[in-house]
Each structure stands twice: as structure tokens, then as C-alpha cells.
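The structure appears below as C-alpha cells.
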Amino acid sequence: MGIATLLLEKHGIGIIESTIEPIITHANDDKWSSVISDGHYLVGDEWWSMLYMLPRKRACGVEVEEDVAVREEVLKKPKAEDCLISSSSAEVAQENNHGPPEVMDHEKANGKDPMEIDEDLHSRQLAVYGRETMRRLFASNVLVSGIGGLGVEIAKNLVLAGVKSITLHDEGVVELWDLSSNFYLSEDDVGKNRATACVQKLQELNNAVIISSISNSLSKEQLSKFQAVVFTDISFEKAIEFDDFCRSQQPPIAFIKSEIRGLFGNVFCNFGPNFTVVDVNGEEPHTGIIASISNDNPALISCVDDERLEFQDGDLVVFSEVEGMTELNDGKPRKIVNARPYSFALEEDTIDFGTYIRGGIVTQVKQPKMLQFKSLRNALSEPGDFLLSDFSKFNRPLLLHLAFQALDAFRHNLGRFPVAGSLEDADKLIDFTAKINERMGDCKLDKLDRKLLYQFASGSRAMLSPMAAMFGGIVGQEVMKACSGKFHPLFQFFYFDSVESLPPEPLDPSDLKPLNSRYDAQISVFGATLQRKMEEAKAFMVGAGALGCEFLKNLALMGVSCSGNGKLTITDDDVIEKSNLSRQFLFRDWNIGQAKSTVAAAAASAINPHLHVEALQNRASSDTENVFHDGFWESLDVVINALDNVTARMYMDGRCLYFQKPLLESGTLGTKCNTQMVVPHLTENYGASRDPPEKQAPMCTVHSFPHNIDHCLTWARSEFEGILEKTPNEVNKFLSSPGEYASAMKAAGDAQARDLLERVIECLDRDRCDTFQDCITWARLRFEDYFSNRVKQLTYTFPEDAVTSSGSPFWSAQTVSPTIAVFNWRHKSC
């Protein structure tokens with residue numbers, strides 16, 4: 001264990017003092033476990049890379065056994081101090097009425113080469129997007145016009161992602177109304193330009209991004225400086241003009257228009273007449289291990305049956321390592337036909353090819369996809385197919401397509417939004433909708449839903465923070481797609497509504513009148529009565545990570561727990577690390593090492609000073625039921641999970657079920673996410689359904705015949721835990737109480753006792769390291785044991801020409817004869 005001692009000391013993770021004190025193990029520290037669960041660097045340590053022969057990075061989505069906490073920051077189911085201190089940069093604080101600078105001085109921004117990626121900061125993002133996509137993103141200039149709640153959400157997401165520059169544009173000034181959705185505005189900002197007021201605080205998120213502002217009207221020529229432009233508050237007339245200009249450029253400028261009106265929102269994307277999607281889904285190419293290939297036309301390829309093939313008819317594949325029929329190893333893409341779960345046919349005549357002997361891997365060749373976007377001018381009258389978010393609302397997108405155009409006409413003719421609760425204004429908007437519907441030709445609706453249009457008109461002036469958060473994430477992703485060509489973009493309209501959030505009975509118009517408060521936008525949709533209930537709510541949120549930061553921000557903006565009778569309790573036992581800063585936007589680099597819950601609570605209080613929040617650092621578990629006791633649970637109105645592991649989710653679900661409390665559950669994994677609303681006596685609880693167990697390979701396969709990345713990672717994790725967790729734990733037990741340990745070993749079975757005692761003796765005697773030279777010797781011998789001696793023994797027992805009892809080659813299909821690794825200290829792969 002000497003090398004573990006010195007390496008842990010080297011990276012400040014923990015120090016093993018001596019063999020006379022209990023050995024401290026940090027094998028569960030997420031800095032270490034993340035190499036198995038999330039594909040991150042091993043804290044930059046070349047020795048561990050040498051020892052375990054693991055790749056420095058691996059693709060997102062590779063799954064291993066499921067109890068790793070970091071990987072479970074995810075789906076169970078595909079189901080104080082003011083922390084927002086202004087930047088000290090005087091240049092950024094000044095209003096800049098020009099576009100982004102022609103050249104960005106990255107060295108001054110972050111001390112790195114222009115294309116160098118800060119992997120400590122962007123490790124999670126790198127795993128999803130890949131290095132090349134990140135480089136394209138880092139070279140992109142983006143304009144965001146309209147810095148209300150939606151605009152600031154988009155800008156925040158892009159700053160965290162790390163684009164080259166962002167220019168904020170807004171000609172309006174801050175109103176009290178804006179405080180319901182823009183988390184970077186305060187009452188002190190009322191009367192200031194919206195874009196200028198947000199520059200400083202956005203800059204704090206990422207100093208490597210140049211942020212500037214424009215407070216006067218935009219010209220078409222100014223758009224030519226950007227790779228992507230986003231408009232969140234623009235008339236259709238002006239949007240068509242800008243869209244035509246962006247489309248005419250070479251290369252075209254990606255144009256995105258998005259709006260939020262109350263509980264309704266939309267996105268329109270136009271990335272040009274010929275936009276190439278380099279990688280449609282971001283998934284790793286599918287592969288298969290070949291079992292046989294026929295000499296036929298078309299050729300039939302069978303693969304081993306341990307995993308179903310993911311190929312589809314029309315896919316292109318390439319072959320490698322095929323023995324016998326070597327003509328297929330030429331790297332030429334070949335088309336698949338008649339794809340089956342474990343076999344497929346090939347559009348290839350192999351009659352004259354050599355006879356297949358054994359081996360071979362078939363790999364999908366991912367093809368780029370060309371998309372031809374319509375201009376906004378044409379798409380308004382011929383929208384084509386809409387992306388559906390709810391299949392129970394099949395005709396809803398077209399109605400909203402008309403409603404948003406009608407609202408634009410209403411504002412153009414009357415110079416204002418419809419008044420909340422006004423039947424007269426709703427009728428006017430319905431009339432505009434009917435006229436536009438008549439011009440739609442074959443797309444014309446037979447009947448207009450007047451109730452829905454009334455709801456649309458009544459809340460049309462409001463921008464709600466949850467809607468802004470949702471669409472801010474969607475539009476931010478679309479900008480990244482436009483700049484990188486990775487992932488399939490929206491094509492071209494997306495409409496969404498959440499009218500289910502409204503009470504079943506119509507609201508009294510008097511309840512919708514503004515009260516000259518920061519919650520007026522929300523009151524215009526839900527009414528003052530519901531607003532008071534939210535302000536008096538007693539909520540409990542568990543977790544203050546990526547989801548927790550977003551939830552806290554939304555709760556503060558909505559006014560939840562913001563009265564004297566309300567209270568929000570948040571708990572998280574974790575501390576802030578640098579890798580958190582790229583997605584947990586309430587934290588800053590000067591908060592590294594501090595408790596997440598405390599910093600997040602202070603930042604949320606800065607967003608809304610009326611928030612009554614208490615931050616705790618207790619893990620929600622059976623061990624802390626003296627803190628979260630029955631009286632605490634009885635007092636709650638709602639529970640919100642922002643957790644990163646299934647065990648904690650199950651515990652919280654059990655407590656909510658016992659105390660009959662509503663639970664809001666969610667999780668994320670890369671670009672995927674899930675939500676579940678648990679309402680007592682109405683919906684199933686979180687634990688009512690379970691995911692199918694993860695497929696696991698037998699340990700004999702993992703140790704002797706690994707043939708995919710899952711096997712290698714499972715083996716590496718098993719060895720890692722054995723050396724840095726199980727063995728130190730046993731030594732701790734022995735050193736803490738030798739007498740009790742000896743008694744326990746006598747009571748244990750012979751085999752178990754022998755295994756455990758050998759671990760202790762190995763650590764304290766045979767492999768004891770007193771100097772750094774001893775540690776190097778230990779590591780070198782481990783390498784020889786893992787990657788040379790064991791392989792020599794296996795190939796001695798089963799030579800390359802070994803055959804089974806039936807006469808077939810032993811080394812065939814997925815069972816590939818291993819190669820002995822030769823140690824070379826000069827080479828990083830060793």
C-alpha cells in the first residue's frame with residue numbers, strides 16, 4: 001500500500017500516517033470513483049494510468065455495475081454571504097455597444113492556449129460532446145437578443161458551456177415585472193438597461209468567455225460577426241428580415257427565435273439551406289463480434305449472441321481483424337440489409353473471397369446528415385411537421401403556431417399585450433387567430449379551441465421562471481448544435497404548453513391583477529391566492545448540485561417560502577469542486593472547498609432577499625433521523641429530490657410515502673433527463689416500479705476473456721476496490737482492535753478468514769513500502785503481474801492454436817488471444 005500512500009499524499013486526498021494508526025482510505029471519494037463511473041481523469045496521475053492500463057478518457061454512456069454514486073447523478077428511469085459578487089473586471093463592467101471582439105485573448109482570459117480545454121472544469125461536458133465538438137464551441141461567437149428571463153437563461157447556459165464570446169442585446173430597461181424570471185436582476189437595477197445590468201454577473205460564471213452588450217437597435221450588418229443569433233423578444237416582421245439575412249450569408253448564420261408567453265412557449269430554428277449534422281445522436285458507433293461469414297451473395301454475417309446488434313437496414317459498416325476472408329479488412333464501408341438481432345446480410349458478393357476462419361469485428365460507420373431548413377418566411381405558412389412533446393395534444397402545435405402569430409398582430413395593432421383575465425382582449429386575439437387560420441390553406445384548422453386561446457391571451461405578458469429554465473436549456477442546446485454540427489437539431493418548430501398547471505376552475509379576473517410586486521408576472525397567470533400559498537410553503541430539498549442549483553433559483557424567483565410563515569430547508573453533505581462550476585451556476589471558483597448547501601442557500605437569498613432558507617450539511621438517511629425527525633416531516637408541504645444516487649432516492653421516497661408528502665423527483669444523464677411527480681393517493685411512488693437489473697458479465701469472463709469496454713472497466717474497478725478499499729478497511733479493523741479482530745477471524749469460515757488475513761499481512765508485511773523507491777518497485781511488480789505474468793500463464797494453458805473438444809479453435813469469436821504488454825517507462829500507455 002506504499003504507492004497508494006504517497007500518491008494520495010501527492011494529490012492531497014488522504015495520508016496514511018503509519019501502520020500503528022488506522023489506514024485512511026478514500027476509494028469512495030468521487031475524485032477516484034469517477035474514473036470507473038464517469039470516464040474522468042484519475043486526478044491527473046500517470047501512475048494509476050500505468051498501473052491499470054485504463055484509457056485516459058472513455059465515451060459517455062458506458063455502463064458498469066450500478067452502485068457508483070457519481071454515475072447515479074442520473075436517471076433511475078430513462079425513468080449568510082452574498083455569493084453573486086460583481087466581477088472585478090472594469091472593462092467588462094462598462095457598456096459595450098459593439099459586437100464581440102475580432103480576436104479573443106484566451107491567454108489573458110484563462111492562461112491557456114486558445115484551443116486548450118480546461119479538463120478539470122469541463123470534464124462532464126467533454127464526456128458528452130467530445131474534444132472536437134468542444135473546440136468548435138470554443139471558437140463560436142453568439143448573439144442573444146432580449147435579456148428577459150429566457151434570454152438570461154440561454155446566456156447563462158452558453159457561458160457555462162464555454163463559447164468564445166456572447167453579446168447581449170436589449171433596448172429595454174429593467175421593470176419590477178422582470179424580477180419574476182431574470183435571476184441576475186434586483187430592485188436596484190430597475191430603470192437600467194437589461195443587457196448591461198446582466199453582463200457582470202454572467203462574466204463571473206466563466207472568465208474565458210468574452211461578454212459584451214448592445215443597448216441600441218440592431219442592424220443586419222452587425223449579425224455578420226456571429227456564428228449563431230438568438231432572438232427571444234422580436235416581432236415576426238423583424239425576425240423575417242433578420243432570418244433572410246442570416247440565411248443568405250456564406251456560411252449561413254444559425255438563426256433561432258424563441259418565445260415564452262405565460263405557460264406557452266416555442267422555438268424556431270433555421271440553420272441554413274444546407275446544414276450538415278456530423279453526428280446525429282452523439283452515441284458511440286455500434287459494434288459486433290463476428291462468429292461466421294458465408295461465401296454467398298449477399299453474404300450472411302452472424303455475430304456472437306451475448307449482446308443484440310443495434311444495426312439497422314441501410315447502415316454502413318466496416319470490418320477489421322477478420323481471419324481468412326481478409327478482403328473485408330480493406331476499410332471500405334459496406335451497406336447492411338436484412339438486419340436481425342444477431343445477424344445481418346451484406347450487399348456484397350463474397351463467393352470468390354477467402355474462406356472465413358475466425359475473428360473479426362464489425363463497426364458501424366456513422367454518416368453525416370444533410371438538413372435543408374426553410375426560411376422563417378416560408379415556414380410560417382408551410383410549417384411542415386411539428387416536434388411533439390405530448391402525444392395527447394396532437395393538434396395543439398398548429399393552434400399555438402397560429403396563436404403566437406395572432407399575439408404578434410395584437411401587439412402590432414394595439415401596442416400592448418392582452419390584459420390578464422380580459423375577455424374582450426381574448427376575443428380580439430381569437431379574431432386575429434381566425435384570420436390567420438383562413439390563410440393557412442391545407443393546414444387550416446377546422447375548429448379553434450377558444451378556451452385554450454383565452455388562457456394563452458390572459459397570461460401572454462408573463463414570463464415564468466420554470467418555463468424560462470426549460471426553454472433556456474433547449475435553446476442553449478440548439479446553439480451548441482448549430483456551432484458544432486453534433487446532435488440532430490430541432491426541425492424546425494417546437495411548441496410546448498403547460499396548461500395542466502392551471503387550476504381546474506377559471507380564476508377570478510380580480511385575482512389576476514398586479515400588486516406592484518416582483519411576483520406580478522406569476523400572479524397574472526396563477527392569481528394572488530396561489531402566490532400566497534407558495535410564499536407560505538414549507539419545502540425540503542435534498543441535494544444542491546446541478547439540479548439543486550436550478551431548483552433553488554426557480555424557487556427563489558417564484559417566491560416559494562418567501563413569507564414569514566414559509567421555510568425552505570436544503571441539505572447536502574458535499575463540498576464544491578472545480579468540475580462543479582461548469583454546470584452548478586450558483587457556485588464560483590472562490591467557493592471551492594465550501595459546503596454546497598451553504599453557498600447555494602446564500603446565492604439563492606441574493607436572488608430573492610425574502611427567501612427563508614436554512615442550509616444543512618446532513619446526509620438524508622436513517623442515520624440522521626434525529627435531525628429530520630417526525631415533527632420535521634409532518635410540517636412539510638413538498639419534498640424535492642436533487643440527488644445523485646438511487647439509494648438516497650429510495651430512502652426519500654420511503655419517507656415521503658410514510659408521511660404522505662408530495663415528491664418531485666428528477667435526474668440527468670448527459671443530454672437525457674427524466675422527471676417524476678409523486679402525489680399521494682394519485683400517482684405511483686418512485687419505488688413502485690424498478691429498473692431491470694444491469695446486464696453483468698460473469699467474473700470468469702471479466703478476468704480471463706474480456707472482449708468489450710464494460711468487461712475491462714468492471715475488472716479495473718474490482719481491482720481498484722480490492723487494493724484501495726477492501727484491504728485498507730481490513731487493516732483499519734485490525735489496527736483499531738487487534739483482539740476483537742482475531743476473535744472475529746476465529747469465528748469466520750476458514751476460506752474467508754484466510755483471504756482477509758492475507759490482505760492484512762500483504763499490506764503490513766510483504767508489500768510494505770517505507771520509501772518512494774519501494775512504491776515504484778511495488779507498482780512495477782504489479783504491472784508485471786497484471787499484464788505479463790498472468791497473460792503468459794493464460795497463453796501457456798491455451799496456446800494460440802488450441803482447440804476445443806469438438807475440434808473448433810479455442811480462440812475464436814469474442815475469445816481473442818491476448819498479447820503480453822511490454823513495460824516501457826518512456827511511453828505514456830504503460
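Ordering of the C-alpha cells sets the chain letters (A, B, ...), residue numbers begin anew at 1 in every chain, and ligands are numbered from 1 in the order given.
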Which polymer residues have any atom within 9 Å of an atom of Lys257 in chain A, counting only C-alpha atoms, with same-chain residues fewer than 3 positions away left out, as a PDB file with C-alpha atoms, in the first residue's frame?
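After the write, out39.pdb holds the following:
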```pdb
ATOM      1  CA  VAL A 229     -28.020  34.519 -33.243  1.00  0.00           C
ATOM      2  CA  VAL A 230     -30.903  34.033 -30.804  1.00  0.00           C
ATOM      3  CA  PHE A 231     -33.939  36.314 -30.509  1.00  0.00           C
ATOM      4  CA  THR A 232     -36.336  35.984 -27.571  1.00  0.00           C
ATOM      5  CA  ASP A 233     -38.445  39.149 -27.974  1.00  0.00           C
ATOM      6  CA  ILE A 234     -38.817  40.250 -31.583  1.00  0.00           C
ATOM      7  CA  ALA A 239     -37.487  38.298 -37.391  1.00  0.00           C
ATOM      8  CA  ASN A 266     -41.969  27.947 -28.833  1.00  0.00           C
ATOM      9  CA  VAL A 267     -38.646  27.571 -30.630  1.00  0.00           C
ATOM     10  CA  PHE A 268     -37.898  28.058 -34.336  1.00  0.00           C
ATOM     11  CA  CYS A 269     -34.555  27.033 -35.863  1.00  0.00           C
ATOM     12  CA  ASN A 270     -33.104  27.858 -39.268  1.00  0.00           C
ATOM     13  CA  VAL A 475     -32.289  26.828 -26.929  1.00  0.00           C
TER      14      VAL A 475
END
```
List every residue of range 137-348 of chain A that DSSP, applied to the backbone, labels as alpha helix (DSSP H), and write the result as JSON, numbers by chain. {"A": [137, 138, 149, 150, 151, 152, 153, 154, 155, 156, 157, 158, 159, 160, 161, 194, 195, 196, 197, 198, 199, 200, 201, 202, 203, 220, 221, 222, 223, 236, 237, 238, 239, 240, 241, 242, 243, 244, 245, 246, 247, 248]}
Residues within 12 Å of Asp446 in chain A, please, as a PyMOL selection string. Count only C-alpha atoms; anything in the same chain fewer than 4 positions from it doesn't count. chain A and resi 395+398-399+434+437-438+440-442
Selection to disk with N, CA and C atoms, as a JSON list (two decimals), in the first residue's frame:
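Output contents, as saved in selection.json:
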```json
[["chain", "number", "residue", "atom", "x", "y", "z"],
["A", 395, "ASN", "N", -53.03, 18.01, -32.07],
["A", 395, "ASN", "CA", -53.35, 19.19, -32.87],
["A", 395, "ASN", "C", -52.94, 20.50, -32.20],
["A", 398, "LEU", "N", -50.21, 23.20, -34.03],
["A", 398, "LEU", "CA", -50.69, 24.08, -35.09],
["A", 398, "LEU", "C", -51.51, 25.22, -34.53],
["A", 399, "LEU", "N", -52.33, 24.95, -33.50],
["A", 399, "LEU", "CA", -53.10, 26.01, -32.88],
["A", 399, "LEU", "C", -52.18, 27.05, -32.24],
["A", 434, "ALA", "N", -58.28, 33.56, -36.02],
["A", 434, "ALA", "CA", -59.18, 33.06, -37.07],
["A", 434, "ALA", "C", -58.77, 33.58, -38.45],
["A", 437, "ASN", "N", -55.72, 31.73, -39.57],
["A", 437, "ASN", "CA", -56.10, 30.36, -39.89],
["A", 437, "ASN", "C", -56.68, 30.25, -41.30],
["A", 438, "GLU", "N", -57.43, 31.26, -41.72],
["A", 438, "GLU", "CA", -58.03, 31.24, -43.05],
["A", 438, "GLU", "C", -56.98, 31.27, -44.15],
["A", 440, "MET", "N", -54.12, 29.66, -44.06],
["A", 440, "MET", "CA", -53.21, 28.52, -43.93],
["A", 440, "MET", "C", -53.42, 27.44, -44.98],
["A", 441, "GLY", "N", -54.43, 27.56, -45.83],
["A", 441, "GLY", "CA", -54.64, 26.59, -46.90],
["A", 441, "GLY", "C", -54.92, 25.20, -46.37],
["A", 442, "ASP", "N", -54.13, 24.22, -46.81],
["A", 442, "ASP", "CA", -54.35, 22.83, -46.41],
["A", 442, "ASP", "C", -54.08, 22.61, -44.92]]
```
